[in-house]
Amino acid sequence: MVTGDGLQSVPYWHHLFILRSISVLFGTATVFLISLISPLAGLFLAIDTYAIKYTGVIYLEALPAFTSLASLLAAHKSRRVYQSDPENRKVWVGWLVLSSLLLGMTAASKYMYALVGIVIIMDSLIQGWKHKRSTLLGLAVWGLLASAFFFMFDPILWNSPLNQLIKSVNFNANYSVSQYVRDFGYPFWQPIKWLMISIPQYSNIHSAFYFNKGDFFISADSLIFILALAGLPNLLKRNKPMFIWLVVGLIFLLVWATKWPQYILLVLVPFCISASYGCNFIGKVLVKLRSGWTRTT
């Protein structure tokens with residue numbers, strides 16, 4: 001294709017391919033990161049139909065889903081290094097700066113994913129209560145850096161930061177209560193339903209989805225949901241940051257008036273980690289039952 005100025009332009013489908021590839025790249029990177037925590041959780045995220053769909057199309061979800069997880073992991077690493085070796089400033093400060101940079105990118109990509117910042121603050125206060133002064137100071141520096149990076153990565157704010165930010169926040173708030181959103185009539189618990197049911201289990205005429213038969217090889221979302229419920233006690237006991245993330249994210253999704261299915265990517269990472277704990281728990285129960293049955297026979 002040749003444009004009016006004689007320059008050859010890239011065909012439209014090439015642009016679509018590049019944009020979808022970027023989304024897939026970040027979706028795959030998120031699966032890789034969560035697999036470092038739990039390979040089983042990585043498997044669950046990789047086969048979740050909502051994760052597949054909304055990190056395989058040109059949506060905003062893939063980038064902030066990755067950066068929010070990476071920000072939390074970097075903050076956790078910074079705190080662990082500080083607690084074990086506070087003199088190693090170059091390392092723990094580096095992780096702290098990386099966490100704030102990633103959080104700034106997250107907020108600039110999509111505001112709602114910045115909820116992971118609340119998770120980081122809550123977890124830091126819980127884990128660092130014995131060192132309140134250093135914890136509060138670290139959080140203050142981290143928050144200021146994250147705000148600065150947010151401004152850097154959101155060029156719309158450069159011209160008139162306060163006015164543009166207010167306009168953007170007002171737009172999202174007004175959109176959530178608009179007639180267009182109300183016409184869908186989703187109940188407040190709709191996000192739970194999205195988590196419970198795989199996309200192929202919905203009718204093809206469902207207005208929230210556009211998919212073809214055969215787009216998904218596995219429909220295991222309902223199984224992941226059951227396993228996640230079973231894993232909640234162990235998630236609270238063994239991975240408090242992810243438990244906090246799941247609770248804070250679900251509260252937001254239930255309260256926020258807009259109930260689009262892609263929004264559940266906000267909690268899919270801790271949800272899949274909970275499912276991995278649930279799978280391990282059920283496996284141990286079955287082993288005990290089998291050994292008990294063997295002894296009785």
# chains A, B, ... in the order shown; residues from 1 in each chain; ligands from 1
call {"tool": "residues_around", "arguments": {"residues": "stretch 111-118 of chain A", "least_positions_apart": "3", "cutoff": "8 Å", "atoms": "only C-alpha atoms", "output": "PDB file with C-alpha atoms, in the first residue's frame"}}
result
ATOM      1  CA  PRO A  64      -0.789  -3.659  34.097  1.00  0.00           C
ATOM      2  CA  ALA A  65      -1.469  -7.288  35.042  1.00  0.00           C
ATOM      3  CA  SER A  68       1.343  -4.967  39.161  1.00  0.00           C
ATOM      4  CA  LEU A  69       2.589  -8.478  39.946  1.00  0.00           C
ATOM      5  CA  LEU A  72       4.558  -6.529  44.415  1.00  0.00           C
ATOM      6  CA  LEU A 103       3.718   0.689  40.160  1.00  0.00           C
ATOM      7  CA  THR A 106       0.753   0.152  36.366  1.00  0.00           C
ATOM      8  CA  ALA A 107      -1.202   3.269  37.356  1.00  0.00           C
ATOM      9  CA  ALA A 108      -0.377   4.994  34.066  1.00  0.00           C
ATOM     10  CA  ILE A 121       1.360  -0.766  51.891  1.00  0.00           C
ATOM     11  CA  MET A 122      -0.829  -3.084  53.968  1.00  0.00           C
ATOM     12  CA  TRP A 245      -4.455  -8.710  47.088  1.00  0.00           C
ATOM     13  CA  VAL A 248      -8.819  -5.976  48.296  1.00  0.00           C
ATOM     14  CA  GLY A 249      -9.304  -6.723  44.595  1.00  0.00           C
ATOM     15  CA  LEU A 266      -7.155  -7.678  38.559  1.00  0.00           C
TER      16      LEU A 266
END
call {"tool": "select_by_dssp", "arguments": {"residues": "stretch 46-118 of chain A", "states": "helix (DSSP H, G or I)", "output": "PyMOL selection string"}}
result
chain A and resi 46-47+49-54+62-84+89-109+111-118
call {"tool": "closest_atom_pairs", "arguments": {"of": "stretch 109-206 of chain A", "to": "stretch 35-54 of chain A", "cutoff": "9 Å", "atoms": "only C-alpha atoms", "output": "CSV"}}
result
residue,atom,partner,partner_atom,distance
A:Trp194,CA,A:Tyr50,CA,8.4
A:Leu195,CA,A:Tyr50,CA,8.6
A:Ser198,CA,A:Thr49,CA,6.0
A:Ile199,CA,A:Thr49,CA,6.1
A:Pro200,CA,A:Thr49,CA,8.2
call {"tool": "closest_residue", "arguments": {"among": "A:Asn159, A:Ser222, A:Thr258, A:Ser21", "to": "A:Arg182", "atoms": "only C-alpha atoms"}}
result
A:Thr258
call {"tool": "residues_around", "arguments": {"residues": "A:Val97", "least_positions_apart": "3", "cutoff": "8 Å", "atoms": "only C-alpha atoms", "output": "CSV table (one decimal) with N, CA and C atoms, in the first residue's frame"}}
result
chain,number,residue,atom,x,y,z
A,93,VAL,N,17.6,-1.0,48.1
A,93,VAL,CA,17.1,0.3,47.5
A,93,VAL,C,16.8,0.1,46.0
A,94,GLY,N,17.6,-0.7,45.3
A,94,GLY,CA,17.4,-1.0,43.9
A,94,GLY,C,16.0,-1.7,43.7
A,100,SER,N,8.6,0.8,42.7
A,100,SER,CA,7.9,2.1,42.5
A,100,SER,C,7.8,2.4,41.0
A,101,LEU,N,8.8,2.1,40.3
A,101,LEU,CA,8.8,2.3,38.8
A,101,LEU,C,7.6,1.5,38.2
A,142,TRP,N,9.0,5.3,48.7
A,142,TRP,CA,8.5,4.5,47.6
A,142,TRP,C,7.2,5.1,47.0
A,145,LEU,N,8.2,8.2,44.8
A,145,LEU,CA,8.8,7.7,43.5
A,145,LEU,C,7.8,7.2,42.6
call {"tool": "atom_distance", "arguments": {"atom1": "atom CA of A:Ala228", "atom2": "atom CA of A:Cys279"}}
result
8.2 Å
call {"tool": "residues_around", "arguments": {"residues": "A:Met105", "least_positions_apart": "5", "cutoff": "7 Å", "atoms": "only C-alpha atoms", "output": "mmCIF file with C-alpha atoms, in the first residue's frame"}}
result
data_model
loop_
_atom_site.group_PDB
_atom_site.id
_atom_site.type_symbol
_atom_site.label_atom_id
_atom_site.label_comp_id
_atom_site.auth_asym_id
_atom_site.auth_seq_id
_atom_site.Cartn_x
_atom_site.Cartn_y
_atom_site.Cartn_z
ATOM 1 C CA THR A 67 3.617 -4.743 36.097
ATOM 2 C CA PHE A 149 7.024 7.555 37.647
ATOM 3 C CA PHE A 150 3.244 7.638 37.154
ATOM 4 C CA PHE A 153 4.642 7.385 32.020
#
call {"tool": "atom_distance", "arguments": {"atom1": "atom CA of A:Met196", "atom2": "atom CA of A:Gly278"}}
result
15.2 Å
call {"tool": "atom_distance", "arguments": {"atom1": "atom CA of A:Gly231", "atom2": "atom CA of A:Ala62"}}
result
25.2 Å
call {"tool": "closest_residue", "arguments": {"among": "A:Phe281, A:Phe271, A:Phe243, A:Phe171", "to": "A:Ile34", "atoms": "only C-alpha atoms"}}
result
A:Phe271
call {"tool": "residues_around", "arguments": {"residues": "A:Phe188", "least_positions_apart": "4", "cutoff": "8 Å", "atoms": "only C-alpha atoms", "output": "PyMOL selection string"}}
result
chain A and resi 254-255+257+259
call {"tool": "write_last_selection", "arguments": {"atoms": "N, CA and C atoms", "output": "PDB file, in the first residue's frame"}}
result
ATOM      1  N   LEU A 254     -16.514  -5.871  43.476  1.00  0.00           N
ATOM      2  CA  LEU A 254     -17.903  -5.968  43.908  1.00  0.00           C
ATOM      3  C   LEU A 254     -18.530  -4.589  44.095  1.00  0.00           C
ATOM      4  N   VAL A 255     -17.734  -3.628  44.551  1.00  0.00           N
ATOM      5  CA  VAL A 255     -18.255  -2.274  44.808  1.00  0.00           C
ATOM      6  C   VAL A 255     -18.335  -1.452  43.530  1.00  0.00           C
ATOM      7  N   ALA A 257     -19.123  -0.133  40.008  1.00  0.00           N
ATOM      8  CA  ALA A 257     -20.372  -0.352  39.261  1.00  0.00           C
ATOM      9  C   ALA A 257     -20.149  -1.035  37.916  1.00  0.00           C
ATOM     10  N   LYS A 259     -18.897  -3.808  35.577  1.00  0.00           N
ATOM     11  CA  LYS A 259     -18.627  -5.222  35.834  1.00  0.00           C
ATOM     12  C   LYS A 259     -18.101  -5.954  34.597  1.00  0.00           C
TER      13      LYS A 259
END
